[in-house]
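The file model.pdb comes next; it holds PDB, C-alpha atoms and all ligand atoms.
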```pdb
ATOM      1  CA  MET S   1     148.008  98.218  28.110
ATOM      2  CA  LYS S   2     146.419  97.694  31.555
ATOM      3  CA  ASN S   3     148.450  95.449  33.828
ATOM      4  CA  ILE S   4     152.156  96.034  33.386
ATOM      5  CA  LEU S   5     155.264  94.139  34.469
ATOM      6  CA  VAL S   6     158.547  96.082  34.499
ATOM      7  CA  ILE S   7     161.539  93.719  34.467
ATOM      8  CA  GLY S   8     164.766  95.368  35.615
ATOM      9  CA  ALA S   9     162.841  97.796  37.828
ATOM     10  CA  ALA S  10     165.858  98.466  40.057
ATOM     11  CA  GLY S  11     167.861  99.813  37.113
ATOM     12  CA  GLN S  12     168.391 103.223  35.580
ATOM     13  CA  ILE S  13     165.220 103.263  33.441
ATOM     14  CA  GLY S  14     163.024 101.000  35.562
ATOM     15  CA  SER S  15     163.430 102.993  38.762
ATOM     16  CA  GLU S  16     161.812 105.960  36.986
ATOM     17  CA  LEU S  17     159.485 104.158  34.572
ATOM     18  CA  VAL S  18     157.600 102.341  37.351
ATOM     19  CA  PRO S  19     156.532 105.546  39.203
ATOM     20  CA  GLU S  20     155.673 107.220  35.891
ATOM     21  CA  LEU S  21     153.417 104.331  34.822
ATOM     22  CA  ARG S  22     151.787 104.214  38.262
ATOM     23  CA  ALA S  23     151.225 107.985  38.168
ATOM     24  CA  ARG S  24     149.464 107.498  34.833
ATOM     25  CA  GLY S  25     147.110 104.995  36.500
ATOM     26  CA  TYR S  26     148.542 101.716  35.223
ATOM     27  CA  MET S  27     148.725  98.737  37.582
ATOM     28  CA  THR S  28     152.492  98.253  37.483
ATOM     29  CA  VAL S  29     154.456  95.399  39.032
ATOM     30  CA  ALA S  30     158.071  96.339  39.762
ATOM     31  CA  ALA S  31     160.237  93.262  39.222
ATOM     32  CA  GLY S  32     163.851  93.088  40.336
ATOM     33  CA  SER S  33     166.246  90.214  39.797
ATOM     34  CA  GLY S  34     166.819  89.720  43.504
ATOM     35  CA  ARG S  35     170.499  90.713  43.157
ATOM     36  CA  THR S  36     169.922  94.460  43.624
ATOM     37  CA  PRO S  37     167.148  95.303  46.088
ATOM     38  CA  LEU S  38     164.289  97.330  44.666
ATOM     39  CA  PRO S  39     164.557 101.006  45.624
ATOM     40  CA  GLU S  40     162.183 101.931  48.415
ATOM     41  CA  HIS S  41     160.140 104.298  46.255
ATOM     42  CA  LEU S  42     158.978 101.333  44.152
ATOM     43  CA  THR S  43     157.552  99.366  47.064
ATOM     44  CA  ASP S  44     154.373 101.443  47.308
ATOM     45  CA  GLY S  45     152.855  99.097  44.716
ATOM     46  CA  PRO S  46     153.082  95.441  43.684
ATOM     47  CA  THR S  47     156.561  93.921  43.367
ATOM     48  CA  ALA S  48     158.039  90.606  42.252
ATOM     49  CA  THR S  49     161.380  88.880  41.873
ATOM     50  CA  VAL S  50     161.995  87.737  38.313
ATOM     51  CA  ASN S  51     164.937  86.161  36.535
ATOM     52  CA  LEU S  52     164.413  86.809  32.832
ATOM     53  CA  LEU S  53     166.139  83.520  32.034
ATOM     54  CA  ASP S  54     163.733  81.490  34.214
ATOM     55  CA  SER S  55     160.671  81.342  31.955
ATOM     56  CA  ASP S  56     158.535  79.188  34.287
ATOM     57  CA  ALA S  57     158.951  81.575  37.212
ATOM     58  CA  LEU S  58     158.387  84.564  34.914
ATOM     59  CA  ASP S  59     155.239  82.946  33.537
ATOM     60  CA  ALA S  60     153.932  82.392  37.081
ATOM     61  CA  VAL S  61     154.335  86.122  37.852
ATOM     62  CA  ILE S  62     152.629  87.048  34.565
ATOM     63  CA  LYS S  63     149.691  84.767  35.396
ATOM     64  CA  HIS S  64     149.467  85.849  39.016
ATOM     65  CA  PHE S  65     149.150  89.545  38.161
ATOM     66  CA  ASN S  66     147.180  89.023  34.937
ATOM     67  CA  ILE S  67     149.884  90.942  33.034
ATOM     68  CA  ASP S  68     149.201  92.088  29.468
ATOM     69  CA  THR S  69     152.273  94.295  28.842
ATOM     70  CA  VAL S  70     155.941  93.759  29.733
ATOM     71  CA  PHE S  71     158.683  96.389  29.703
ATOM     72  CA  ASN S  72     161.863  94.308  29.614
ATOM     73  CA  LEU S  73     164.655  96.564  30.851
ATOM     74  CA  ALA S  74     167.150  93.869  31.853
ATOM     75  CA  ALA S  75     170.441  94.515  30.034
ATOM     76  CA  ILE S  76     174.205  94.505  30.289
ATOM     77  CA  LEU S  77     175.440  97.759  28.741
ATOM     78  CA  SER S  78     178.190  98.228  26.164
ATOM     79  CA  ALA S  79     181.379  98.572  28.207
ATOM     80  CA  VAL S  80     180.507  95.798  30.672
ATOM     81  CA  GLY S  81     179.332  93.602  27.778
ATOM     82  CA  GLU S  82     182.882  93.688  26.387
ATOM     83  CA  THR S  83     184.189  92.124  29.595
ATOM     84  CA  ARG S  84     181.252  89.701  30.051
ATOM     85  CA  PRO S  85     180.203  88.803  26.478
ATOM     86  CA  MET S  86     178.439  85.521  27.319
ATOM     87  CA  ALA S  87     176.405  87.128  30.093
ATOM     88  CA  ALA S  88     175.427  89.932  27.693
ATOM     89  CA  TRP S  89     174.444  87.376  25.046
ATOM     90  CA  ASN S  90     172.412  85.238  27.477
ATOM     91  CA  LEU S  91     170.419  88.175  28.838
ATOM     92  CA  GLY S  92     170.101  90.052  25.538
ATOM     93  CA  VAL S  93     169.245  87.084  23.300
ATOM     94  CA  TYR S  94     168.036  84.098  25.370
ATOM     95  CA  GLY S  95     166.239  86.507  27.692
ATOM     96  CA  VAL S  96     164.468  88.246  24.831
ATOM     97  CA  ILE S  97     163.478  85.087  22.926
ATOM     98  CA  GLY S  98     162.217  83.475  26.133
ATOM     99  CA  LEU S  99     160.027  86.497  26.795
ATOM    100  CA  LEU S 100     158.776  86.533  23.190
ATOM    101  CA  GLU S 101     157.773  82.860  23.544
ATOM    102  CA  LEU S 102     155.715  83.770  26.615
ATOM    103  CA  ALA S 103     154.308  86.779  24.772
ATOM    104  CA  ARG S 104     153.102  84.512  21.962
ATOM    105  CA  ASP S 105     151.436  82.090  24.390
ATOM    106  CA  ARG S 106     149.922  84.728  26.661
ATOM    107  CA  LYS S 107     149.233  87.443  24.047
ATOM    108  CA  LEU S 108     151.442  90.010  25.752
ATOM    109  CA  SER S 109     152.648  93.323  24.396
ATOM    110  CA  VAL S 110     156.410  93.642  24.857
ATOM    111  CA  PHE S 111     158.806  96.602  24.952
ATOM    112  CA  THR S 112     162.515  95.716  24.962
ATOM    113  CA  PRO S 113     164.700  98.771  24.391
ATOM    114  CA  SER S 114     167.135  98.694  21.546
ATOM    115  CA  SER S 115     170.023 101.152  21.358
ATOM    116  CA  ILE S 116     172.306 103.276  19.237
ATOM    117  CA  GLY S 117     174.622 100.329  19.948
ATOM    118  CA  VAL S 118     173.063  98.526  16.940
ATOM    119  CA  PHE S 119     175.069 100.812  14.651
ATOM    120  CA  GLY S 120     178.705 100.404  13.697
ATOM    121  CA  PRO S 121     181.580 102.091  11.892
ATOM    122  CA  GLU S 122     180.023 101.588   8.432
ATOM    123  CA  THR S 123     176.764 103.291   9.450
ATOM    124  CA  PRO S 124     176.409 106.931   8.325
ATOM    125  CA  HIS S 125     177.224 108.901  11.495
ATOM    126  CA  ASN S 126     175.376 112.124  10.746
ATOM    127  CA  LEU S 127     171.609 112.008  11.004
ATOM    128  CA  THR S 128     171.808 108.222  10.982
ATOM    129  CA  PRO S 129     168.827 106.965   8.953
ATOM    130  CA  GLN S 130     166.083 104.757  10.377
ATOM    131  CA  ASP S 131     166.833 101.948   7.939
ATOM    132  CA  THR S 132     170.588 101.601   7.514
ATOM    133  CA  VAL S 133     173.638  99.403   8.091
ATOM    134  CA  CYS S 134     173.489  97.663  11.497
ATOM    135  CA  ARG S 135     176.840  95.928  11.916
ATOM    136  CA  PRO S 136     177.905  96.689  15.490
ATOM    137  CA  ARG S 137     181.338  95.839  16.869
ATOM    138  CA  THR S 138     180.248  95.352  20.500
ATOM    139  CA  MET S 139     178.577  92.307  22.029
ATOM    140  CA  TYR S 140     175.959  94.688  23.445
ATOM    141  CA  GLY S 141     175.166  95.932  19.938
ATOM    142  CA  ILE S 142     175.056  92.383  18.567
ATOM    143  CA  THR S 143     172.487  91.392  21.207
ATOM    144  CA  LYS S 144     170.428  94.501  20.412
ATOM    145  CA  VAL S 145     170.387  93.735  16.662
ATOM    146  CA  ALA S 146     169.362  90.161  17.496
ATOM    147  CA  GLY S 147     166.652  91.502  19.838
ATOM    148  CA  GLU S 148     165.274  93.751  17.085
ATOM    149  CA  LEU S 149     165.225  90.901  14.568
ATOM    150  CA  LEU S 150     163.652  88.434  16.998
ATOM    151  CA  SER S 151     160.986  90.967  17.976
ATOM    152  CA  ASP S 152     160.089  91.604  14.325
ATOM    153  CA  TYR S 153     160.155  87.848  13.637
ATOM    154  CA  TYR S 154     157.675  87.075  16.449
ATOM    155  CA  ARG S 155     155.509  89.975  15.288
ATOM    156  CA  ALA S 156     155.429  88.784  11.647
ATOM    157  CA  LYS S 157     155.184  85.067  12.349
ATOM    158  CA  TYR S 158     152.996  84.949  15.470
ATOM    159  CA  GLY S 159     151.403  88.387  15.702
ATOM    160  CA  VAL S 160     153.233  89.292  18.936
ATOM    161  CA  ASP S 161     152.840  92.994  19.728
ATOM    162  CA  ALA S 162     156.559  93.743  20.193
ATOM    163  CA  ARG S 163     157.743  97.348  19.872
ATOM    164  CA  SER S 164     160.940  99.203  20.705
ATOM    165  CA  VAL S 165     163.040 102.326  20.397
ATOM    166  CA  ARG S 166     166.782 102.687  19.870
ATOM    167  CA  TYR S 167     167.690 104.671  22.942
ATOM    168  CA  PRO S 168     170.558 107.152  22.765
ATOM    169  CA  GLY S 169     172.708 107.643  25.884
ATOM    170  CA  LEU S 170     170.236 108.189  28.721
ATOM    171  CA  ILE S 171     170.924 110.853  31.316
ATOM    172  CA  SER S 172     169.325 110.683  34.748
ATOM    173  CA  TYR S 173     170.054 111.207  38.436
ATOM    174  CA  VAL S 174     167.776 108.770  40.326
ATOM    175  CA  THR S 175     169.622 105.460  39.862
ATOM    176  CA  PRO S 176     173.143 105.213  38.463
ATOM    177  CA  PRO S 177     173.529 103.321  35.177
ATOM    178  CA  GLY S 178     175.998 100.471  34.939
ATOM    179  CA  GLY S 179     178.844 100.445  32.491
ATOM    180  CA  GLY S 180     177.623 102.278  29.411
ATOM    181  CA  THR S 181     179.827 104.201  26.988
ATOM    182  CA  THR S 182     177.580 107.259  27.196
ATOM    183  CA  ASP S 183     177.580 107.364  31.006
ATOM    184  CA  TYR S 184     180.318 110.010  31.151
ATOM    185  CA  ALA S 185     177.494 112.455  30.487
ATOM    186  CA  ILE S 186     176.002 111.525  33.869
ATOM    187  CA  ASP S 187     179.276 111.327  35.828
ATOM    188  CA  ILE S 188     180.237 114.800  34.628
ATOM    189  CA  TYR S 189     177.263 116.372  36.484
ATOM    190  CA  TRP S 190     178.047 114.586  39.776
ATOM    191  CA  LYS S 191     181.748 115.480  39.613
ATOM    192  CA  ALA S 192     180.958 119.092  38.682
ATOM    193  CA  ILE S 193     179.152 119.473  41.990
ATOM    194  CA  GLU S 194     181.244 117.147  44.150
ATOM    195  CA  THR S 195     184.756 118.240  43.109
ATOM    196  CA  GLY S 196     184.451 120.962  40.432
ATOM    197  CA  VAL S 197     186.553 118.976  37.979
ATOM    198  CA  TYR S 198     185.871 116.000  35.708
ATOM    199  CA  ARG S 199     188.354 113.756  33.887
ATOM    200  CA  CYS S 200     186.502 112.665  30.772
ATOM    201  CA  PRO S 201     187.130 109.199  29.248
ATOM    202  CA  LEU S 202     186.070 110.390  25.760
ATOM    203  CA  LYS S 203     187.923 112.935  23.589
ATOM    204  CA  ALA S 204     186.713 116.434  22.809
ATOM    205  CA  GLY S 205     184.735 116.298  19.571
ATOM    206  CA  THR S 206     183.158 112.908  20.349
ATOM    207  CA  TYR S 207     179.519 113.627  19.520
ATOM    208  CA  LEU S 208     176.924 111.097  20.634
ATOM    209  CA  PRO S 209     173.123 111.057  20.630
ATOM    210  CA  MET S 210     171.783 111.611  24.146
ATOM    211  CA  MET S 211     168.402 111.971  25.857
ATOM    212  CA  PHE S 212     167.153 113.120  29.256
ATOM    213  CA  MET S 213     165.247 110.460  31.199
ATOM    214  CA  PRO S 214     161.812 112.168  31.196
ATOM    215  CA  ASP S 215     161.907 112.112  27.380
ATOM    216  CA  ALA S 216     163.041 108.468  27.423
ATOM    217  CA  LEU S 217     160.113 107.460  29.646
ATOM    218  CA  ARG S 218     157.660 109.281  27.417
ATOM    219  CA  ALA S 219     159.122 107.584  24.332
ATOM    220  CA  ALA S 220     158.552 104.119  25.801
ATOM    221  CA  ILE S 221     155.038 104.858  27.038
ATOM    222  CA  GLU S 222     153.872 106.782  23.968
ATOM    223  CA  LEU S 223     155.133 104.064  21.620
ATOM    224  CA  MET S 224     153.332 101.354  23.621
ATOM    225  CA  GLU S 225     150.156 103.451  23.716
ATOM    226  CA  ALA S 226     150.334 104.241  19.966
ATOM    227  CA  ASP S 227     147.719 102.995  17.538
ATOM    228  CA  ALA S 228     149.347  99.908  15.964
ATOM    229  CA  SER S 229     147.688 100.588  12.615
ATOM    230  CA  ARG S 230     149.849 103.712  12.202
ATOM    231  CA  LEU S 231     153.132 101.897  12.853
ATOM    232  CA  LYS S 232     155.361 100.538  10.121
ATOM    233  CA  HIS S 233     158.685  99.981  11.868
ATOM    234  CA  PHE S 234     157.997  98.457  15.306
ATOM    235  CA  ASN S 235     161.558  97.170  16.015
ATOM    236  CA  SER S 236     163.103  99.514  16.328
ATOM    237  CA  PHE S 237     162.567 103.284  16.076
ATOM    238  CA  ASN S 238     165.375 105.844  16.105
ATOM    239  CA  VAL S 239     164.455 108.456  18.722
ATOM    240  CA  GLY S 240     166.459 111.673  18.650
ATOM    241  CA  ALA S 241     166.719 114.327  21.323
ATOM    242  CA  LEU S 242     170.188 115.772  22.003
ATOM    243  CA  SER S 243     173.622 115.477  20.430
ATOM    244  CA  PHE S 244     176.695 116.911  22.156
ATOM    245  CA  ASP S 245     180.397 116.293  22.824
ATOM    246  CA  PRO S 246     182.159 116.616  26.198
ATOM    247  CA  GLU S 247     183.049 120.283  25.514
ATOM    248  CA  GLU S 248     179.419 121.244  24.917
ATOM    249  CA  VAL S 249     178.059 119.582  28.034
ATOM    250  CA  ALA S 250     180.908 121.137  30.048
ATOM    251  CA  ALA S 251     180.061 124.572  28.602
ATOM    252  CA  SER S 252     176.437 124.080  29.590
ATOM    253  CA  ILE S 253     177.523 123.228  33.157
ATOM    254  CA  GLN S 254     179.869 126.253  33.227
ATOM    255  CA  LYS S 255     176.924 128.569  32.612
ATOM    256  CA  ARG S 256     175.764 127.539  36.101
ATOM    257  CA  LEU S 257     179.164 126.673  37.665
ATOM    258  CA  PRO S 258     181.726 128.984  36.032
ATOM    259  CA  GLY S 259     184.675 127.426  37.917
ATOM    260  CA  PHE S 260     183.986 123.905  36.607
ATOM    261  CA  LYS S 261     186.987 122.343  34.825
ATOM    262  CA  LEU S 262     186.971 119.617  32.191
ATOM    263  CA  GLU S 263     190.101 117.481  31.769
ATOM    264  CA  TYR S 264     190.686 114.406  29.656
ATOM    265  CA  ASP S 265     191.865 110.883  30.495
ATOM    266  CA  VAL S 266     190.802 108.966  27.416
ATOM    267  CA  ASN S 267     189.775 105.329  27.835
ATOM    268  CA  PRO S 268     190.630 103.532  24.555
ATOM    269  CA  LEU S 269     187.833 100.931  24.844
ATOM    270  CA  LEU S 270     185.142 103.547  25.473
ATOM    271  CA  GLN S 271     186.590 105.821  22.787
ATOM    272  CA  SER S 272     186.547 103.068  20.162
ATOM    273  CA  ILE S 273     182.941 102.184  21.008
ATOM    274  CA  ALA S 274     181.892 105.842  20.905
ATOM    275  CA  ASP S 275     183.692 106.342  17.571
ATOM    276  CA  SER S 276     181.644 103.505  16.052
ATOM    277  CA  TRP S 277     178.319 105.079  17.067
ATOM    278  CA  PRO S 278     176.314 107.888  15.410
ATOM    279  CA  ASP S 279     176.644 111.590  16.195
ATOM    280  CA  ASP S 280     172.915 112.125  15.888
ATOM    281  CA  LEU S 281     169.832 110.323  14.584
ATOM    282  CA  ASP S 282     167.170 110.836  11.950
ATOM    283  CA  ASP S 283     164.006 110.079  13.920
ATOM    284  CA  SER S 284     161.484 111.112  11.274
ATOM    285  CA  ALA S 285     159.834 107.641  11.308
ATOM    286  CA  ALA S 286     159.060 107.987  15.044
ATOM    287  CA  ARG S 287     157.781 111.537  14.454
ATOM    288  CA  GLU S 288     155.526 110.415  11.602
ATOM    289  CA  GLU S 289     154.259 107.110  12.966
ATOM    290  CA  TRP S 290     153.596 107.960  16.637
ATOM    291  CA  ASP S 291     154.174 111.720  16.938
ATOM    292  CA  TRP S 292     157.486 111.540  18.816
ATOM    293  CA  VAL S 293     158.770 114.955  19.948
ATOM    294  CA  PRO S 294     161.563 115.370  22.534
ATOM    295  CA  GLN S 295     161.081 118.150  25.091
ATOM    296  CA  TYR S 296     164.424 118.857  26.785
ATOM    297  CA  ASN S 297     167.336 120.778  25.309
ATOM    298  CA  LEU S 298     170.841 120.605  26.782
ATOM    299  CA  ASP S 299     170.611 123.661  29.063
ATOM    300  CA  GLN S 300     167.194 122.667  30.385
ATOM    301  CA  MET S 301     168.537 119.210  31.203
ATOM    302  CA  THR S 302     171.644 120.693  32.841
ATOM    303  CA  ASN S 303     169.511 122.860  35.112
ATOM    304  CA  VAL S 304     167.379 119.938  36.274
ATOM    305  CA  MET S 305     170.424 117.670  36.722
ATOM    306  CA  LEU S 306     172.415 120.205  38.754
ATOM    307  CA  ASN S 307     169.443 121.088  40.977
ATOM    308  CA  ALA S 308     168.524 117.459  41.599
ATOM    309  CA  ILE S 309     172.086 116.298  42.325
ATOM    310  CA  THR S 310     172.706 119.258  44.665
ATOM    311  CA  LYS S 311     169.528 118.371  46.547
ATOM    312  CA  ARG S 312     170.505 114.706  46.825
ATOM    313  CA  LEU S 313     174.008 115.518  48.057
ATOM    314  CA  THR S 314     172.647 118.009  50.618
ATOM    315  CA  GLU S 315     170.106 115.467  51.876
ATOM    316  CA  SER S 316     172.716 112.734  52.250
ATOM    317  CA  ALA S 317     175.315 115.006  53.932
TER     318      ALA S 317
HETATM  319  N1  LIG S 401     173.911 103.920  27.034
HETATM  320  C1  LIG S 401     174.246 102.707  26.332
HETATM  321  C2  LIG S 401     175.679 102.393  26.466
HETATM  322  O1  LIG S 401     176.468 103.314  26.464
HETATM  323  C3  LIG S 401     173.890 102.824  24.888
HETATM  324  O2  LIG S 401     172.638 102.292  24.664
HETATM  325  O3  LIG S 401     176.032 101.271  26.513
END
```
Structure translated into structure tokens:
Amino acid sequence: MKNILVIGAAGQIGSELVPELRARGYMTVAAGSGRTPLPEHLTDGPTATVNLLDSDALDAVIKHFNIDTVFNLAAILSAVGETRPMAAWNLGVYGVIGLLELARDRKLSVFTPSSIGVFGPETPHNLTPQDTVCRPRTMYGITKVAGELLSDYYRAKYGVDARSVRYPGLISYVTPPGGGTTDYAIDIYWKAIETGVYRCPLKAGTYLPMMFMPDALRAAIELMEADASRLKHFNSFNVGALSFDPEEVAASIQKRLPGFKLEYDVNPLLQSIADSWPDDLDDSAAREEWDWVPQYNLDQMTNVMLNAITKRLTESA
């Protein structure tokens, strides 16, 4: 991994992965789709405009910058995917296979995140195993299963170095996510500071696997830096970090903001998606094969989130 292209750089993961890769000394091209402008903090290095579905234009960027590794972060998340299934399919399946074709021709390493969305109601929900039933009920999950299978297919058939992790709900404050089921766990921090009350779209007792962004960035980078001869799974690794329900994250916030109130206004679509997903993950394969260890617990994450959001709101006031 030397010259890196990050597709979807304007998004929730990309806007933090690009600076992290650059800080680690990698030549990193931040590529947006042109629809959302790249955040200013990414323009201190090389940038490009890339449509994942336009292979010729993507290939030209790869050639121009002599790219050897692509982080493909373009995605339509679970809740939005239910309202735009064809768009989710096109990006999640045609986008991934198009990139894998280029990876075969140009000998690229490729990271395309998978998700807890690959699991479904028949999957064991507690400590969900690495190798288990993957029969999702969302279009997002279907595209992620297809992406895992395609990535393993190109690896086995053509030797493409494709690797991925199944991200839990990712929590961050730099760039807002778009339309995920787990995103309540971000909104709750903003509302706690802005209004002191949050109306949660998921019921009390809805446990989901979650992860703070610094851990998510490390997972992606450490997997791509890992010695391939140690890896057995490739696409895709369970990565565990946190598991909590709305009550637990609210209690963590209340340690800092005792007046904070949690109310409920359950959204049936989000609730049914959340109910089909695991409570927590068995990530022993990631721990064994590339030494994965998460660093943040819930209270540590809450402290960083509340401090960072307070600072942002004060700066923009
Ligand atoms: N955060 C994603 C979602 O909720 C899961 O990968 O859609």
Applied to this file, what does the PyMOL selection byres (((not hetatm)) within 9 of (chain S and resi 401)) return in terms of residues, put as a PyMOL selection string? chain S and resi 76-81+113-118+140-141+166-171+177-183+210+270+273-274
Could you state which residues are captured by the PyMOL selection byres (((chain S and resi 3) around 7) and not hetatm) in this file, as a count of residues only? 11
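Proximity to Gly8 of chain S was assessed for S:Leu58, S:Met86, S:Leu73, S:Ile188 counting all atoms listed in the file; the smallest distance is recorded for S:Leu73.
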Select, from S:Ile7, S:Glu20, S:Asn267, S:Ala286, the residue with the minimum atom-to-atom distance to Gly34 of chain S, counting only C-alpha atoms. S:Ile7
Enclose the full set of atoms of segment 99-105 of chain S listed in the file within a box whose edges lie along x, y and z, apply 5 Å of padding to each of the six sides, and report centre and edge lengths in Å to one decimal as lines of an AutoDock Vina configuration file.
```
center_x = 155.7
center_y = 84.4
center_z = 24.4
size_x = 18.6
size_y = 14.7
size_z = 14.8
```
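Relative to atom CA of Glu289 of chain S, atom CA of Asp152 of chain S is found at 16.6 Å.
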Here's the selection I'm unsure about, the PyMOL selection byres (((chain S and resi 101) around 12) and not hetatm); applied to the file above, which residues does it give, as an MDAnalysis selection string? chainID S and resid 53 55:56 58:59 94:100 102:110 150:151 153:155 157:162
Any idea what the distance is between atom CA of Ala146 of chain S and atom CA of Thr123 of chain S? 17.1 Å
Using atom CA of Trp290 of chain S and atom CA of His233 of chain S as the two end points, give the distance in Å to one decimal.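 Atom-to-atom, atom CA of Trp290 of chain S and atom CA of His233 of chain S are spaced 10.6 Å apart.
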Could you pull segment 188-195 of chain S out of the structure just shown and give all heavy atoms as a short mmCIF file (atom, residue, chain, number, x, y, z; two decimals), in the first residue's frame?
```cif
data_model
loop_
_atom_site.label_atom_id
_atom_site.label_comp_id
_atom_site.auth_asym_id
_atom_site.auth_seq_id
_atom_site.Cartn_x
_atom_site.Cartn_y
_atom_site.Cartn_z
N ILE S 188 -28.23 11.31 18.87
CA ILE S 188 -28.50 11.46 20.30
C ILE S 188 -27.48 12.41 20.95
O ILE S 188 -27.84 13.22 21.82
CB ILE S 188 -28.54 10.08 21.01
CG1 ILE S 188 -29.16 10.18 22.40
CG2 ILE S 188 -27.17 9.45 21.09
CD1 ILE S 188 -29.44 8.80 23.04
N TYR S 189 -26.22 12.38 20.51
CA TYR S 189 -25.20 13.25 21.09
C TYR S 189 -25.45 14.72 20.71
O TYR S 189 -25.33 15.62 21.54
CB TYR S 189 -23.80 12.82 20.63
CG TYR S 189 -23.31 11.55 21.30
CD1 TYR S 189 -23.27 10.35 20.62
CD2 TYR S 189 -22.91 11.57 22.63
CE1 TYR S 189 -22.82 9.19 21.23
CE2 TYR S 189 -22.46 10.41 23.25
CZ TYR S 189 -22.42 9.22 22.55
OH TYR S 189 -21.98 8.08 23.16
N TRP S 190 -25.80 14.94 19.43
CA TRP S 190 -26.06 16.33 18.99
C TRP S 190 -27.26 16.90 19.74
O TRP S 190 -27.20 18.02 20.26
CB TRP S 190 -26.32 16.36 17.47
CG TRP S 190 -25.06 16.18 16.69
CD1 TRP S 190 -24.52 15.00 16.28
CD2 TRP S 190 -24.15 17.21 16.26
NE1 TRP S 190 -23.34 15.23 15.61
CE2 TRP S 190 -23.09 16.57 15.57
CE3 TRP S 190 -24.13 18.60 16.38
CZ2 TRP S 190 -22.02 17.27 15.01
CZ3 TRP S 190 -23.08 19.30 15.81
CH2 TRP S 190 -22.03 18.65 15.15
N LYS S 191 -28.35 16.10 19.81
CA LYS S 191 -29.56 16.61 20.47
C LYS S 191 -29.33 16.81 21.96
O LYS S 191 -29.88 17.74 22.56
CB LYS S 191 -30.73 15.65 20.24
CG LYS S 191 -31.31 15.72 18.85
CD LYS S 191 -32.16 16.98 18.68
CE LYS S 191 -32.80 17.12 17.32
NZ LYS S 191 -31.91 17.15 16.17
N ALA S 192 -28.51 15.97 22.56
CA ALA S 192 -28.24 16.11 24.01
C ALA S 192 -27.66 17.49 24.28
O ALA S 192 -28.02 18.14 25.27
CB ALA S 192 -27.26 15.03 24.47
N ILE S 193 -26.81 17.96 23.38
CA ILE S 193 -26.19 19.27 23.60
C ILE S 193 -27.09 20.39 23.10
O ILE S 193 -27.25 21.42 23.75
CB ILE S 193 -24.81 19.33 22.91
CG1 ILE S 193 -23.89 18.32 23.61
CG2 ILE S 193 -24.21 20.73 22.99
CD1 ILE S 193 -22.58 18.11 22.94
N GLU S 194 -27.71 20.18 21.94
CA GLU S 194 -28.50 21.27 21.34
C GLU S 194 -29.80 21.54 22.10
O GLU S 194 -30.18 22.69 22.29
CB GLU S 194 -28.84 20.93 19.88
CG GLU S 194 -27.65 21.07 18.95
CD GLU S 194 -27.94 20.54 17.55
OE1 GLU S 194 -28.76 19.60 17.41
OE2 GLU S 194 -27.34 21.04 16.60
N THR S 195 -30.50 20.47 22.51
CA THR S 195 -31.84 20.69 23.12
C THR S 195 -32.02 19.99 24.47
O THR S 195 -33.03 20.22 25.13
CB THR S 195 -32.96 20.17 22.18
OG1 THR S 195 -32.85 18.74 22.11
CG2 THR S 195 -32.86 20.75 20.79
#
```
